[in-house]
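Q: Got a structure for you, model.cif, holding mmCIF, C-alpha atoms.
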data_final
#
loop_
_atom_site.label_atom_id
_atom_site.label_comp_id
_atom_site.auth_asym_id
_atom_site.auth_seq_id
_atom_site.Cartn_x
_atom_site.Cartn_y
_atom_site.Cartn_z
CA MET A 1 -37.98 26.67 -81.20
CA SER A 2 -37.99 25.66 -77.55
CA ALA A 3 -38.53 28.14 -74.71
CA PRO A 4 -35.57 30.07 -73.29
CA VAL A 5 -34.02 28.38 -70.28
CA VAL A 6 -32.46 29.68 -67.06
CA ASP A 7 -30.52 27.44 -64.73
CA PHE A 8 -31.27 28.30 -61.10
CA TRP A 9 -28.18 27.30 -59.10
CA PHE A 10 -28.78 27.23 -55.37
CA ASP A 11 -27.65 25.77 -52.09
CA PHE A 12 -30.26 24.62 -49.59
CA ALA A 13 -28.38 26.42 -46.79
CA SER A 14 -28.38 29.75 -48.60
CA THR A 15 -30.68 32.41 -47.16
CA TYR A 16 -31.17 34.39 -50.37
CA SER A 17 -31.89 31.16 -52.29
CA TYR A 18 -35.11 30.86 -50.28
CA PRO A 19 -36.94 33.92 -51.68
CA SER A 20 -35.64 33.06 -55.15
CA ALA A 21 -37.02 29.53 -54.96
CA MET A 22 -40.36 30.97 -53.91
CA ARG A 23 -40.45 33.72 -56.54
CA ILE A 24 -39.03 32.02 -59.60
CA ARG A 25 -41.97 30.01 -60.93
CA ALA A 26 -44.43 32.88 -61.32
CA LEU A 27 -41.79 35.23 -62.75
CA ALA A 28 -40.46 32.62 -65.19
CA ASP A 29 -43.96 31.68 -66.32
CA ALA A 30 -44.76 35.33 -66.95
CA ALA A 31 -41.55 35.70 -68.98
CA GLY A 32 -42.07 32.44 -70.87
CA VAL A 33 -38.79 31.09 -69.56
CA GLN A 34 -38.18 27.50 -68.51
CA VAL A 35 -36.31 27.02 -65.22
CA ARG A 36 -34.06 24.17 -64.18
CA PHE A 37 -33.44 23.73 -60.44
CA ARG A 38 -29.72 23.01 -59.97
CA PRO A 39 -28.74 22.34 -56.33
CA PHE A 40 -25.00 22.40 -55.58
CA LEU A 41 -22.72 22.67 -52.56
CA LEU A 42 -21.59 26.25 -52.07
CA GLY A 43 -19.47 25.22 -49.08
CA VAL A 44 -17.11 23.35 -51.43
CA ILE A 45 -16.56 26.53 -53.44
CA PHE A 46 -16.12 28.59 -50.26
CA LYS A 47 -13.50 26.11 -49.03
CA ALA A 48 -11.58 26.42 -52.30
CA GLN A 49 -11.21 30.14 -51.63
CA GLY A 50 -10.13 29.64 -48.04
CA TRP A 51 -13.40 30.02 -46.11
CA ASP A 52 -14.46 27.33 -43.64
CA THR A 53 -17.94 28.78 -43.08
CA SER A 54 -20.32 31.31 -44.62
CA PRO A 55 -18.91 34.81 -45.19
CA PHE A 56 -21.95 35.97 -43.18
CA ASN A 57 -20.34 34.29 -40.18
CA LEU A 58 -16.79 35.37 -41.05
CA TYR A 59 -17.73 39.04 -41.45
CA PRO A 60 -20.14 40.02 -38.65
CA ALA A 61 -21.25 43.39 -40.08
CA LYS A 62 -22.09 41.70 -43.38
CA GLY A 63 -23.92 38.96 -41.51
CA ARG A 64 -25.99 41.36 -39.39
CA ASN A 65 -27.06 43.21 -42.50
CA MET A 66 -27.96 39.96 -44.31
CA TRP A 67 -30.31 38.79 -41.52
CA ARG A 68 -32.06 42.13 -41.42
CA ASP A 69 -32.20 42.37 -45.21
CA VAL A 70 -33.69 38.88 -45.67
CA GLU A 71 -36.21 39.65 -42.93
CA ARG A 72 -37.28 42.81 -44.79
CA LEU A 73 -37.38 41.01 -48.15
CA CYS A 74 -39.50 38.17 -46.80
CA ALA A 75 -41.86 40.61 -45.08
CA ASP A 76 -42.39 42.41 -48.40
CA LEU A 77 -43.08 39.04 -50.09
CA SER A 78 -45.35 37.85 -47.23
CA LEU A 79 -43.03 34.88 -46.74
CA PRO A 80 -42.55 33.59 -43.19
CA PHE A 81 -38.91 33.67 -42.12
CA VAL A 82 -37.10 32.12 -39.17
CA ARG A 83 -33.37 32.10 -38.70
CA PRO A 84 -31.97 28.55 -39.00
CA GLU A 85 -29.97 27.25 -36.05
CA PRO A 86 -27.20 26.45 -36.64
CA PHE A 87 -26.39 28.60 -39.64
CA PRO A 88 -25.48 27.53 -42.21
CA GLN A 89 -27.32 24.22 -42.13
CA ASN A 90 -25.53 21.21 -43.60
CA SER A 91 -27.19 20.95 -47.01
CA LEU A 92 -25.60 17.72 -48.23
CA LEU A 93 -28.55 15.39 -47.62
CA ALA A 94 -31.12 17.84 -49.01
CA ALA A 95 -29.06 18.39 -52.17
CA ARG A 96 -28.55 14.67 -52.74
CA THR A 97 -32.23 14.02 -52.18
CA ALA A 98 -33.18 16.74 -54.67
CA LEU A 99 -31.06 14.97 -57.29
CA ALA A 100 -32.39 11.53 -56.31
CA ILE A 101 -36.03 12.56 -56.55
CA GLY A 102 -35.88 13.26 -60.27
CA GLU A 103 -36.45 16.28 -62.45
CA THR A 104 -40.25 16.27 -62.42
CA GLU A 105 -40.53 16.75 -58.68
CA ARG A 106 -37.26 18.59 -58.05
CA ALA A 107 -38.73 22.10 -58.01
CA ASP A 108 -41.60 21.16 -55.69
CA PHE A 109 -39.26 19.26 -53.40
CA SER A 110 -36.85 22.20 -53.29
CA ARG A 111 -39.54 24.69 -52.40
CA ALA A 112 -40.90 22.39 -49.69
CA MET A 113 -37.37 21.90 -48.33
CA PHE A 114 -36.78 25.67 -48.20
CA ARG A 115 -40.09 26.13 -46.41
CA ALA A 116 -39.18 23.50 -43.83
CA GLU A 117 -35.89 25.28 -43.19
CA PHE A 118 -36.71 28.97 -43.38
CA ALA A 119 -40.43 29.08 -42.58
CA GLU A 120 -40.62 26.28 -40.02
CA GLY A 121 -37.08 26.30 -38.61
CA ARG A 122 -36.54 22.57 -39.13
CA ARG A 123 -33.08 21.01 -39.56
CA ILE A 124 -32.43 20.00 -43.14
CA ASP A 125 -29.66 17.56 -42.22
CA ASP A 126 -32.19 15.38 -40.37
CA PRO A 127 -33.31 12.38 -42.48
CA ALA A 128 -36.67 12.43 -40.71
CA VAL A 129 -37.26 16.03 -41.85
CA VAL A 130 -36.09 15.36 -45.41
CA GLY A 131 -38.14 12.15 -45.50
CA SER A 132 -41.28 13.96 -44.37
CA VAL A 133 -40.78 16.56 -47.10
CA VAL A 134 -40.46 13.76 -49.69
CA ALA A 135 -43.57 12.08 -48.33
CA SER A 136 -45.53 15.35 -48.53
CA LEU A 137 -45.02 15.18 -52.32
CA LYS A 138 -46.60 11.71 -52.39
CA ALA A 139 -43.22 10.18 -53.21
CA ASP A 140 -41.69 7.16 -51.46
CA ALA A 141 -39.58 8.59 -48.63
CA ALA A 142 -37.59 5.45 -47.79
CA ALA A 143 -36.76 4.67 -51.42
CA THR A 144 -35.80 8.26 -52.19
CA LEU A 145 -33.55 8.59 -49.12
CA ALA A 146 -31.89 5.30 -50.08
CA ALA A 147 -31.37 6.55 -53.64
CA ALA A 148 -29.83 9.74 -52.23
CA GLN A 149 -27.03 7.65 -50.70
CA THR A 150 -26.04 5.81 -53.90
CA ASN A 151 -22.71 6.50 -55.55
CA GLU A 152 -24.54 7.61 -58.66
CA VAL A 153 -26.25 10.47 -56.82
CA LYS A 154 -23.16 11.37 -54.79
CA ASP A 155 -21.12 11.59 -58.01
CA LYS A 156 -23.83 13.61 -59.70
CA LEU A 157 -23.80 16.21 -56.90
CA ARG A 158 -20.00 16.40 -57.06
CA ALA A 159 -20.19 16.93 -60.82
CA GLU A 160 -22.86 19.62 -60.44
CA THR A 161 -20.68 21.48 -57.94
CA VAL A 162 -17.67 21.26 -60.26
CA GLN A 163 -19.79 22.59 -63.10
CA ALA A 164 -21.04 25.46 -60.94
CA GLN A 165 -17.46 26.42 -60.17
CA GLN A 166 -16.52 26.17 -63.86
CA LEU A 167 -19.39 28.50 -64.74
CA GLY A 168 -17.83 31.10 -62.45
CA ILE A 169 -20.34 30.67 -59.64
CA PHE A 170 -19.11 31.93 -56.26
CA GLY A 171 -22.38 32.48 -54.39
CA ALA A 172 -26.03 31.47 -54.29
CA PRO A 173 -28.47 31.89 -55.76
CA SER A 174 -26.96 32.26 -59.22
CA PHE A 175 -28.77 32.25 -62.54
CA VAL A 176 -27.12 31.16 -65.78
CA THR A 177 -28.64 31.59 -69.22
CA ALA A 178 -28.13 29.30 -72.22
CA ASP A 179 -25.48 31.68 -73.64
CA GLY A 180 -23.48 31.43 -70.39
CA GLU A 181 -24.40 34.77 -68.85
CA LEU A 182 -24.09 34.61 -65.04
CA PHE A 183 -26.30 36.61 -62.68
CA TRP A 184 -25.60 36.44 -58.95
CA GLY A 185 -28.14 37.06 -56.23
CA ASN A 186 -31.87 36.98 -55.59
CA ASP A 187 -32.01 40.61 -56.73
CA ARG A 188 -30.77 39.62 -60.20
CA LEU A 189 -33.51 37.06 -60.88
CA GLU A 190 -35.66 39.39 -62.98
CA ARG A 191 -32.62 40.50 -65.02
CA ALA A 192 -31.60 36.92 -65.71
CA LEU A 193 -35.07 36.05 -66.98
CA ALA A 194 -35.18 39.17 -69.14
CA TRP A 195 -31.75 38.33 -70.56
CA ALA A 196 -32.79 34.76 -71.40
CA LYS A 197 -35.96 35.98 -73.09
CA ARG A 198 -34.15 38.67 -75.11
CA THR A 199 -31.38 36.33 -76.21
CA ALA A 200 -33.82 33.64 -77.29
CA ALA A 201 -35.82 36.21 -79.25
CA SER A 202 -32.73 37.52 -81.04
CA LEU A 203 -31.81 33.99 -82.14
CA ARG A 204 -35.17 33.35 -83.71
CA MET B 1 -42.70 68.26 -40.82
CA SER B 2 -39.53 68.12 -42.87
CA ALA B 3 -39.02 65.66 -45.72
CA PRO B 4 -37.72 62.15 -45.01
CA VAL B 5 -33.95 61.87 -45.37
CA VAL B 6 -31.64 59.14 -46.67
CA ASP B 7 -27.90 59.25 -46.16
CA PHE B 8 -26.09 58.01 -49.26
CA TRP B 9 -22.77 56.61 -48.06
CA PHE B 10 -20.30 55.99 -50.86
CA ASP B 11 -16.65 55.66 -51.76
CA PHE B 12 -15.40 57.32 -54.92
CA ALA B 13 -13.52 54.13 -55.85
CA SER B 14 -16.62 51.93 -55.58
CA THR B 15 -18.01 50.67 -58.87
CA TYR B 16 -21.61 50.22 -57.69
CA SER B 17 -21.58 53.69 -56.12
CA TYR B 18 -21.37 55.13 -59.65
CA PRO B 19 -24.85 54.03 -60.89
CA SER B 20 -26.29 54.95 -57.49
CA ALA B 21 -24.87 58.47 -57.66
CA MET B 22 -26.35 58.83 -61.12
CA ARG B 23 -29.78 57.41 -60.24
CA ILE B 24 -30.42 58.80 -56.80
CA ARG B 25 -31.58 62.35 -57.51
CA ALA B 26 -34.49 61.48 -59.81
CA LEU B 27 -35.63 58.57 -57.63
CA ALA B 28 -35.39 60.58 -54.41
CA ASP B 29 -37.25 63.53 -55.94
CA ALA B 30 -40.03 61.21 -57.09
CA ALA B 31 -40.27 59.73 -53.59
CA GLY B 32 -40.11 63.12 -51.86
CA VAL B 33 -36.98 62.08 -49.99
CA GLN B 34 -34.04 64.33 -49.25
CA VAL B 35 -30.57 62.84 -49.88
CA ARG B 36 -27.31 63.64 -48.17
CA PHE B 37 -24.12 62.64 -50.01
CA ARG B 38 -21.74 61.10 -47.45
CA PRO B 39 -18.34 60.12 -48.89
CA PHE B 40 -16.18 57.87 -46.71
CA LEU B 41 -13.15 55.61 -47.06
CA LEU B 42 -14.24 52.02 -47.53
CA GLY B 43 -10.59 50.91 -47.65
CA VAL B 44 -10.24 51.75 -43.96
CA ILE B 45 -13.16 49.46 -43.11
CA PHE B 46 -11.78 46.72 -45.39
CA LYS B 47 -8.41 46.98 -43.63
CA ALA B 48 -10.07 46.57 -40.24
CA GLN B 49 -11.43 43.22 -41.41
CA GLY B 50 -8.10 42.09 -42.81
CA TRP B 51 -8.36 43.00 -46.51
CA ASP B 52 -5.61 45.05 -48.11
CA THR B 53 -7.51 45.62 -51.35
CA SER B 54 -11.04 45.28 -52.77
CA PRO B 55 -12.71 41.88 -52.32
CA PHE B 56 -13.23 42.06 -56.09
CA ASN B 57 -9.45 41.73 -56.43
CA LEU B 58 -9.10 39.20 -53.61
CA TYR B 59 -11.79 36.88 -55.01
CA PRO B 60 -11.34 36.63 -58.80
CA ALA B 61 -14.68 34.91 -59.59
CA LYS B 62 -16.51 37.62 -57.61
CA GLY B 63 -14.47 40.27 -59.40
CA ARG B 64 -15.18 38.91 -62.90
CA ASN B 65 -18.89 38.84 -62.15
CA MET B 66 -18.84 42.38 -60.78
CA TRP B 67 -17.24 43.85 -63.91
CA ARG B 68 -19.72 42.10 -66.16
CA ASP B 69 -22.64 43.00 -63.89
CA VAL B 70 -21.75 46.70 -63.74
CA GLU B 71 -21.30 46.71 -67.51
CA ARG B 72 -24.81 45.25 -67.94
CA LEU B 73 -26.31 47.66 -65.36
CA CYS B 74 -24.74 50.71 -66.98
CA ALA B 75 -25.86 49.55 -70.45
CA ASP B 76 -29.44 49.31 -69.17
CA LEU B 77 -29.14 52.81 -67.68
CA SER B 78 -27.45 54.21 -70.83
CA LEU B 79 -24.48 55.21 -68.68
CA PRO B 80 -21.03 55.04 -70.26
CA PHE B 81 -18.69 52.75 -68.37
CA VAL B 82 -14.95 52.23 -68.53
CA ARG B 83 -12.96 50.11 -66.14
CA PRO B 84 -10.65 52.26 -64.00
CA GLU B 85 -6.95 51.44 -64.10
CA PRO B 86 -5.71 50.73 -61.53
CA PHE B 87 -8.67 49.38 -59.59
CA PRO B 88 -9.54 50.43 -56.99
CA GLN B 89 -8.50 54.05 -57.48
CA ASN B 90 -7.17 55.88 -54.45
CA SER B 91 -10.22 57.91 -53.38
CA LEU B 92 -8.64 59.97 -50.58
CA LEU B 93 -8.26 63.25 -52.48
CA ALA B 94 -11.71 63.04 -54.08
CA ALA B 95 -13.36 62.33 -50.72
CA ARG B 96 -11.55 65.18 -48.99
CA THR B 97 -12.43 67.54 -51.83
CA ALA B 98 -16.10 66.54 -51.64
CA LEU B 99 -16.10 67.52 -47.96
CA ALA B 100 -14.13 70.72 -48.62
CA ILE B 101 -16.45 71.92 -51.37
CA GLY B 102 -19.43 72.29 -49.07
CA GLU B 103 -22.87 70.78 -48.90
CA THR B 104 -24.53 72.81 -51.64
CA GLU B 105 -22.20 71.58 -54.37
CA ARG B 106 -21.32 68.16 -52.92
CA ALA B 107 -23.81 66.13 -54.94
CA ASP B 108 -22.91 67.81 -58.24
CA PHE B 109 -19.21 67.47 -57.51
CA SER B 110 -19.65 63.80 -56.63
CA ARG B 111 -21.54 63.00 -59.82
CA ALA B 112 -18.94 64.85 -61.92
CA MET B 113 -16.15 62.98 -60.12
CA PHE B 114 -17.83 59.61 -60.78
CA ARG B 115 -18.25 60.54 -64.44
CA ALA B 116 -14.57 61.46 -64.73
CA GLU B 117 -13.62 58.11 -63.25
CA PHE B 118 -16.11 55.64 -64.71
CA ALA B 119 -17.24 57.34 -67.93
CA GLU B 120 -13.96 58.98 -68.96
CA GLY B 121 -11.40 56.70 -67.32
CA ARG B 122 -9.54 59.54 -65.59
CA ARG B 123 -7.50 59.04 -62.41
CA ILE B 124 -9.24 60.44 -59.37
CA ASP B 125 -6.03 60.67 -57.33
CA ASP B 126 -4.64 63.26 -59.74
CA PRO B 127 -5.03 66.82 -58.37
CA ALA B 128 -5.27 68.12 -61.95
CA VAL B 129 -8.29 65.87 -62.60
CA VAL B 130 -9.97 66.73 -59.31
CA GLY B 131 -9.21 70.42 -59.86
CA SER B 132 -10.77 70.36 -63.33
CA VAL B 133 -13.90 68.75 -61.92
CA VAL B 134 -14.12 71.49 -59.28
CA ALA B 135 -13.59 74.16 -61.94
CA SER B 136 -16.37 72.65 -64.09
CA LEU B 137 -18.79 73.52 -61.27
CA LYS B 138 -17.66 77.18 -61.40
CA ALA B 139 -15.94 76.79 -58.03
CA ASP B 140 -12.39 77.92 -57.24
CA ALA B 141 -10.19 74.86 -57.93
CA ALA B 142 -7.02 76.09 -56.19
CA ALA B 143 -8.85 77.25 -53.05
CA THR B 144 -10.90 74.04 -52.84
CA LEU B 145 -7.86 71.77 -53.29
CA ALA B 146 -6.07 73.77 -50.58
CA ALA B 147 -9.07 73.44 -48.27
CA ALA B 148 -9.09 69.66 -48.92
CA GLN B 149 -5.63 69.45 -47.33
CA THR B 150 -6.52 71.23 -44.08
CA ASN B 151 -6.61 69.33 -40.81
CA GLU B 152 -10.24 70.28 -40.42
CA VAL B 153 -11.23 68.41 -43.60
CA LYS B 154 -8.87 65.49 -42.90
CA ASP B 155 -10.41 65.08 -39.44
CA LYS B 156 -13.91 65.39 -40.86
CA LEU B 157 -13.29 62.52 -43.32
CA ARG B 158 -11.82 60.38 -40.55
CA ALA B 159 -14.89 61.07 -38.42
CA GLU B 160 -17.24 60.25 -41.29
CA THR B 161 -15.49 56.91 -41.83
CA VAL B 162 -15.71 56.10 -38.13
CA GLN B 163 -19.40 56.94 -38.21
CA ALA B 164 -19.95 54.72 -41.24
CA GLN B 165 -18.34 51.83 -39.42
CA GLN B 166 -20.44 52.52 -36.31
CA LEU B 167 -23.59 52.44 -38.44
CA GLY B 168 -22.64 48.89 -39.48
CA ILE B 169 -21.50 49.83 -42.98
CA PHE B 170 -19.20 47.27 -44.59
CA GLY B 171 -19.59 48.08 -48.30
CA ALA B 172 -20.59 50.83 -50.70
CA PRO B 173 -22.95 52.20 -51.62
CA SER B 174 -24.98 52.02 -48.43
CA PHE B 175 -28.15 53.89 -47.59
CA VAL B 176 -29.17 54.74 -44.05
CA THR B 177 -32.54 56.14 -43.06
CA ALA B 178 -33.24 58.51 -40.14
CA ASP B 179 -34.37 55.57 -37.97
CA GLY B 180 -31.02 53.81 -38.54
CA GLU B 181 -32.11 51.21 -41.10
CA LEU B 182 -29.15 50.14 -43.26
CA PHE B 183 -29.52 49.13 -46.90
CA TRP B 184 -26.44 47.88 -48.74
CA GLY B 185 -25.90 48.02 -52.48
CA ASN B 186 -27.06 49.90 -55.54
CA ASP B 187 -29.89 47.38 -55.89
CA ARG B 188 -31.31 48.46 -52.52
CA LEU B 189 -31.63 52.16 -53.36
CA GLU B 190 -35.34 51.99 -54.18
CA ARG B 191 -36.07 50.03 -51.00
CA ALA B 192 -34.19 52.54 -48.85
CA LEU B 193 -36.16 55.44 -50.30
CA ALA B 194 -39.45 53.57 -49.83
CA TRP B 195 -38.50 52.79 -46.22
CA ALA B 196 -37.64 56.43 -45.49
CA LYS B 197 -40.91 57.61 -47.00
CA ARG B 198 -43.01 55.02 -45.14
CA THR B 199 -41.32 55.69 -41.80
CA ALA B 200 -41.72 59.45 -42.13
CA ALA B 201 -45.41 59.00 -43.01
CA SER B 202 -46.02 56.77 -39.98
CA LEU B 203 -44.49 59.39 -37.67
CA ARG B 204 -46.76 62.13 -38.90
#
Translate the structure described by the file into structure tokens.

A:
Amino acid sequence: MSAPVVDFWFDFASTYSYPSAMRIRALADAAGVQVRFRPFLLGVIFKAQGWDTSPFNLYPAKGRNMWRDVERLCADLSLPFVRPEPFPQNSLLAARTALAIGETERADFSRAMFRAEFAEGRRIDDPAVVGSVVASLKADAAATLAAAQTNEVKDKLRAETVQAQQLGIFGAPSFVTADGELFWGNDRLERALAWAKRTAASLR
Amino acid sequence: MSAPVVDFWFDFASTYSYPSAMRIRALADAAGVQVRFRPFLLGVIFKAQGWDTSPFNLYPAKGRNMWRDVERLCADLSLPFVRPEPFPQNSLLAARTALAIGETERADFSRAMFRAEFAEGRRIDDPAVVGSVVASLKADAAATLAAAQTNEVKDKLRAETVQAQQLGIFGAPSFVTADGELFWGNDRLERALAWAKRTAASLR
């Protein structure tokens, strides 16, 4: 039988998606779980429930705690962290590019994108930034950015976001196992992997 | 020097406060941290930001995930869990009674109250239920319920809720260390205790 799988649903603008993107490979390898990187647009889901920006902006006490909490988390993980300006970043181009670049390089691209944003404070809506991240993976920046603007990729990102919503996703990161179990939040990553492993074992 | 202290801020209606109340003693003992049980009224803070009920009711996808998540958490902890009806319960009487009963018995009362609500499905706004919980601790139920209705206790609960808000608390459970560091959520309990321990050690 094939390895258990967890879908890692994230938005490039999402603060807690950053530590998850950085942690997931080692944890998944240790658990024998395969991970699929699934970028989507959380802003679309927020809009559907009446929010025109991040709840961290709408609710200041919640926002203050999030910045401090992510700072503490990253310090514990020895991950550099700078606060993106503006927040949230527009993640449309990064998400499209992640889909355009293909499955093989999607995880590496995503991690490099998160580093550019949260470790280096670069703007992820800038084609020059996204292009330089693509180029750092030895891929063709111009061709990939062009592919990101095709209708095929635009439609694919729309469909991914619709699927996220249909899965019950309302925040990022979220982790979904093959049996449809949804885990929300960076702090649920380990549980999601354990669930996927247990379920796969019980089906054997 | 005295032991490091963590204030455990909770609302009796809060689902995630239940596993925290049940976990905190053993974890705090192991870390050598003293815990103060601080009930407050989260509904007052929600109202101040424009919500007239729990965000778990206002945002259905978030609510569905919470119920499933708490169910999974409690299963892992071997804690019984039933969904309170209605949700959220009115926690005013339970919070006042916790303050009336005095510091020595507050933690035991709080745990017994959470068990009545989330393990046994009893209504925590019913004086008979609250009275039976008080009596189970060998305290005087009638005298304690009468004390819970005094202006002194009412004012104390108001002041506690104001203090919670001033500390930046926007959800429950929350954990605050002596140096004012705020940790939100059951999943941050271990981090709050570690922070308190580390800070106390560095001050020695």

Q: Compile a residue-level contact table for chain B against chain A at a cut-off of 8 Å, reporting for every qualifying residue the shortest atom pair and its distance in Å to one decimal, with only C-alpha atoms counted, rows ordered by chain and ascending number, as CSV.

A:
residue,atom,partner,partner_atom,distance
B:Gln49,CA,A:Tyr59,CA,7.6
B:Tyr59,CA,A:Gln49,CA,7.6
B:Ala61,CA,A:Gly168,CA,5.7
B:Lys62,CA,A:Phe170,CA,6.4
B:Asn65,CA,A:Leu182,CA,7.3
B:Asp69,CA,A:Phe183,CA,7.5
B:Gly168,CA,A:Ala61,CA,5.7
B:Ile169,CA,A:Ala61,CA,7.1
B:Phe170,CA,A:Ala61,CA,6.3
B:Leu182,CA,A:Asn65,CA,7.3
B:Phe183,CA,A:Asp69,CA,7.5
B:Trp184,CA,A:Asn65,CA,7.8
B:Asp187,CA,A:Asp187,CA,7.1

Q: Please evaluate the PyMOL selection byres ((chain A and resi 80-83) around 6) against the displayed coordinates and give the resulting residues as a ChimeraX atom specification.

A: /A:79,84,118-119,121

Q: Please measure the separation of atom CA of Leu193 of chain A and atom CA of Ala21 of chain A, giving the value in Å to one decimal.

A: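 Taking atom CA of Leu193 of chain A and atom CA of Ala21 of chain A, their separation equals 13.8 Å.
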
Q: Under the rule that only C-alpha atoms are counted, which of B:Phe87, B:Arg123, B:Leu189, B:Phe175 is the nearest residue to Phe56 of chain B?

A: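 Among the listed residues, B:Phe87 lies closest to Phe56 of chain B.
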
Q: Could you state which residues are captured by the PyMOL selection byres ((chain B and resi 90-99) around 8) in this file, as a PyMOL selection string?

A: chain B and resi 11-13+39-41+88-89+100-103+106+109-110+113+124-125+127+130+144-145+147-149+153-154+156-157

Q: Can you give me, as a ChimeraX atom specification, the residues this file yields under the PyMOL selection byres ((chain B and resi 3) around 12)?

A: /B:1-2,4-6,28-29,31-35,177-178,193,196-201,203-204

Q: Between A:Thr53, A:Ser202, A:Thr104, A:Ser174, which has the minimum distance to Phe10 of chain A (counting only C-alpha atoms)?

A: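 Counting only C-alpha atoms, the residue closest to Phe10 of chain A is A:Ser174.
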
Q: How many Å lie between atom CA of Glu71 of chain A and atom CA of Phe8 of chain A, rounded to one decimal?

A: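 Atom-to-atom, atom CA of Glu71 of chain A and atom CA of Phe8 of chain A are spaced 22.0 Å apart.
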
Q: Rounded to one decimal, what separation in Å do you get between atom CA of Leu137 of chain A and atom CA of Ala107 of chain A?

A: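 Between these atoms lies a distance of 10.9 Å.
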